[in-house]
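Q: Before I ask anything, let me first share the structure, which is written out below as structure tokens.
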Amino acid sequence: IIYKRKEEGRFLPDFRSRLEVGVSSPKMMKKVGEQTIVFDNDIYVESVGTVVGPKERQGPLGSSFDRAYGDLYCEEQSWELAERRLMKEAITICLENGGVSVQDVDLFIAGDLLNQTVTANYVASELNVPFLGVFSACSTITEAMLVAATFIDGTFARRVLVATSSHYGAAERQFRFPTTIGVQKGESASWTVTGGAAALLSTTRSPFRIRSATIGRVVDSGVTDPLDMGRAMAPAAFTTIKQHLVDCGLSLQSYDVIVTGDLGKVGSNEFKSLCDDANMNIGDRYTDCGVLIYDAEQQAFAGGSGCACCAVVTYSYFLRQMKEKKINTMLVVATGALFNSTMVKQRQTIPAIAHAISIEAVI
């Protein structure tokens with residue numbers, strides 16, 4: 001019930017009037033514990049779209065993606081423009097899969113790895129939809145999803161489009177060394193996933209429902225090597241997962257799958273060691289998108305990373321498993337290393353963060 005205050009000439013909720021007429025308080029999102037939001041309304045992943053590069057197409061999940069390019073340029077003149085194309089095409093596919101036009105979208109939330117989230121900014125300029133740019137390094141997709149779900153649960157938006165992207169060549173040029181220099185890497189290094197992913201969140205019923213989200217805290221474990229991001233991010237993933245379970249009163253067995261975003265082989269081993277030290281038997285229900293997206297023959301060092309890593313694997317492989325009823329509950333924990341090349345040159349440590357989204361199959 002909305003009450004009009006005549007003296008102001010606008011509609012506002014009048015809680016005193018609610019009490020006078022015996023109307024119960026409105027449904028509101030609930031903060032549970034220290035860091036978790038449990039959504040009152042049913043919020044769904046209405047549709048998704050994924051586009052990847054050549055290495056991802058050749059990997060073990062290659063058939064899961066909506067579209068793949070045969071080279072890193074993706075029919076563009078530079079790697080940065082190629083990344084922009086990846087995000088744009090993922091959005092186009094997402095909207096087409098949902099049978100929704102861009103005019104039906106109330107808000108666009110997106111981010112990427114490039115300075116000032118430049119990929120998302122340019123894409124937003126073409127969409128002409130209200131836009132919020134977000135940055136959480138490789139955990140950007142779960143940050144975007146939790147912000148979107150909060151907007152929908154609060155009835156500030158009906159449909160929210162989220163997107164992210166990354167590109168191997170563009171990321172190497174910005175964060176480490178241009179690929180043309182041919183710098184050798186150690187086995188702890190990750191390979192930035194070339195891809196774009198988009199999802200449409202709304203209250204329109206679909207096979208995938210978002211139940212809760214845990215907002216991460218920044219954790220600095222003292223790692224200084226930018227070629228060892230998995231080890232830098234593992235404590236953040238552990239901290240967020242542990243807090244999510246405590247906040248919600250759940251156990252590890254509450255989820256069929258617990259998946260991290262970008263830890264790779266080295267970071268995943270570090271994460272499992274942290275679980276063992278805390279007597280958390282995470283077992284076979286745990287996996288990592290960076291481990292899954294490439295196989296050993298592809299020589300991707302420790303595995304995949306980048307904003308697109310968690311997004312393209314979750315939106316393709318895992319949601320398909322959920323749709324096929326192979327899994328019913330899933331906790332997606334994207335991880336991000338919050339550093340830039342300037343701070344690395346100053347030998348600063350690499351802080352990290354992880355945000356979690358709980359998704360369940362709709363029966």
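If you're wondering about the labels, chains in the structure tokens are A, B, ... by order shown, residues count from 1 in each chain, ligands from 1 in order shown.
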Skipping near chain neighbours, those fewer than 2 positions away, what residues fall within 8 Å of stretch 234-237 of chain A using only C-alpha atoms, listed as a list in words?

A: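 Residues near the query, excluding close chain neighbours: Gly216, Arg217, Val218, Val219, Ser221, Gly230, Arg231, Ala232, Thr239, Thr240, Ile241, Thr260, Leu263, Gly267, Ser268, Glu270, Phe271, Leu274, Val333, Ala334, Thr335, Ala352, Ile353, Ala354 and His355 of chain A.
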
Q: Return as a CSV table (one decimal) with N, CA and C atoms, in the first residue's frame the full set of residues in stretch 160-248 of chain A whose backbone-based DSSP assignment is strand (DSSP E or B).

A:
```csv
chain,number,residue,atom,x,y,z
A,160,VAL,N,17.4,-6.5,-14.4
A,160,VAL,CA,18.8,-5.9,-14.4
A,160,VAL,C,19.7,-6.8,-15.2
A,161,LEU,N,20.4,-6.2,-16.1
A,161,LEU,CA,21.4,-6.9,-17.0
A,161,LEU,C,22.8,-6.8,-16.3
A,162,VAL,N,23.5,-7.9,-16.1
A,162,VAL,CA,24.8,-7.9,-15.6
A,162,VAL,C,25.8,-8.5,-16.7
A,163,ALA,N,27.0,-8.0,-16.7
A,163,ALA,CA,27.9,-8.5,-17.7
A,163,ALA,C,29.4,-8.2,-17.3
A,164,THR,N,30.3,-9.0,-17.8
A,164,THR,CA,31.7,-8.8,-17.6
A,164,THR,C,32.5,-9.4,-18.7
A,165,SER,N,33.8,-9.1,-18.8
A,165,SER,CA,34.6,-9.6,-19.8
A,165,SER,C,36.1,-9.6,-19.4
A,166,SER,N,36.9,-10.3,-20.1
A,166,SER,CA,38.4,-10.2,-20.0
A,166,SER,C,39.0,-10.7,-21.3
A,191,TRP,N,46.2,-18.0,-16.6
A,191,TRP,CA,46.0,-17.6,-18.0
A,191,TRP,C,44.7,-16.8,-18.0
A,192,THR,N,44.7,-15.5,-18.4
A,192,THR,CA,43.5,-14.8,-18.4
A,192,THR,C,42.5,-15.3,-19.5
A,195,GLY,N,36.9,-13.9,-23.0
A,195,GLY,CA,35.5,-14.1,-23.1
A,195,GLY,C,34.7,-13.0,-22.5
A,196,GLY,N,33.4,-13.1,-22.8
A,196,GLY,CA,32.4,-12.2,-22.3
A,196,GLY,C,31.2,-13.0,-21.9
A,197,ALA,N,30.5,-12.5,-20.8
A,197,ALA,CA,29.4,-13.2,-20.3
A,197,ALA,C,28.3,-12.2,-19.8
A,198,ALA,N,27.1,-12.5,-20.0
A,198,ALA,CA,26.0,-11.6,-19.5
A,198,ALA,C,24.9,-12.5,-19.0
A,199,ALA,N,24.1,-11.9,-18.0
A,199,ALA,CA,23.0,-12.6,-17.4
A,199,ALA,C,21.9,-11.5,-17.2
A,200,LEU,N,20.7,-12.0,-17.3
A,200,LEU,CA,19.5,-11.1,-17.1
A,200,LEU,C,18.8,-11.6,-15.8
A,201,LEU,N,18.8,-10.8,-14.8
A,201,LEU,CA,18.2,-11.1,-13.5
A,201,LEU,C,16.8,-10.4,-13.4
A,202,SER,N,15.8,-11.1,-12.9
A,202,SER,CA,14.5,-10.6,-12.8
A,202,SER,C,13.6,-11.4,-11.9
A,208,PHE,N,16.6,-21.2,-12.6
A,208,PHE,CA,17.6,-20.8,-11.7
A,208,PHE,C,17.2,-19.7,-10.7
A,209,ARG,N,17.2,-19.9,-9.4
A,209,ARG,CA,16.8,-18.9,-8.5
A,209,ARG,C,18.0,-18.5,-7.6
A,210,ILE,N,18.1,-17.2,-7.4
A,210,ILE,CA,19.2,-16.7,-6.5
A,210,ILE,C,18.5,-16.6,-5.1
A,211,ARG,N,19.1,-17.2,-4.1
A,211,ARG,CA,18.6,-17.2,-2.8
A,211,ARG,C,19.3,-16.2,-1.8
A,212,SER,N,20.6,-16.2,-1.9
A,212,SER,CA,21.4,-15.3,-1.0
A,212,SER,C,22.7,-14.9,-1.6
A,213,ALA,N,23.3,-13.9,-1.0
A,213,ALA,CA,24.6,-13.4,-1.4
A,213,ALA,C,25.4,-13.0,-0.2
A,214,THR,N,26.7,-13.3,-0.2
A,214,THR,CA,27.6,-12.9,0.9
A,214,THR,C,28.6,-12.0,0.3
A,219,VAL,N,41.0,-9.3,2.1
A,219,VAL,CA,41.9,-10.1,2.8
A,219,VAL,C,43.3,-10.0,2.2
```

Q: Name all residues at most 10 Å from A:Ile43 (count only C-alpha atoms; drop same-chain ones fewer than 2 positions away) and give them as a list in words.

A: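 Returned residues: Phe39, Asp40, Asn41, Val45, Glu46, Ala148, Ala149, Thr150, Ile152, Asp153, Arg158, Arg159, Leu201, Ser202, Thr203, Thr204, Arg205, Ser206, Phe208, Arg209, Ile210, Arg211, Ser212 and Ile359 of chain A.
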
Q: What separation in Å, quoted to one decimal, exists between atom CA of A:Leu107 and atom CA of A:Leu132?

A: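 Pair atom CA of A:Leu107 / atom CA of A:Leu132 returns 7.7 Å.
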
Q: Could you tell me, as a PyMOL selection string, which residues of stretch 4-250 of chain A DSSP assigns to helix (DSSP H, G or I) when given the backbone?

A: chain A and resi 15-21+54-57+62-64+79-98+102-104+115-127+140-153+168-175+179-181+229-248

Q: Go ahead and compute the interatomic distance for atom CA of A:Gly33 and atom CA of A:Val246, in Å to one decimal.

A: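 These two atoms are separated by 7.5 Å.
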
Q: Report, in Å to a single decimal, how far apart atom CA of A:Asp225 and atom CA of A:Glu56 are.

A: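 Pair atom CA of A:Glu56 / atom CA of A:Asp225 returns 25.4 Å.
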
Q: I'd like to know which of A:Val344, A:Cys309, A:Ala124, A:Ala189 is closest to A:Lys265, using only C-alpha atoms.

A: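 Using only C-alpha atoms, A:Lys265 sits closest to A:Ala189.
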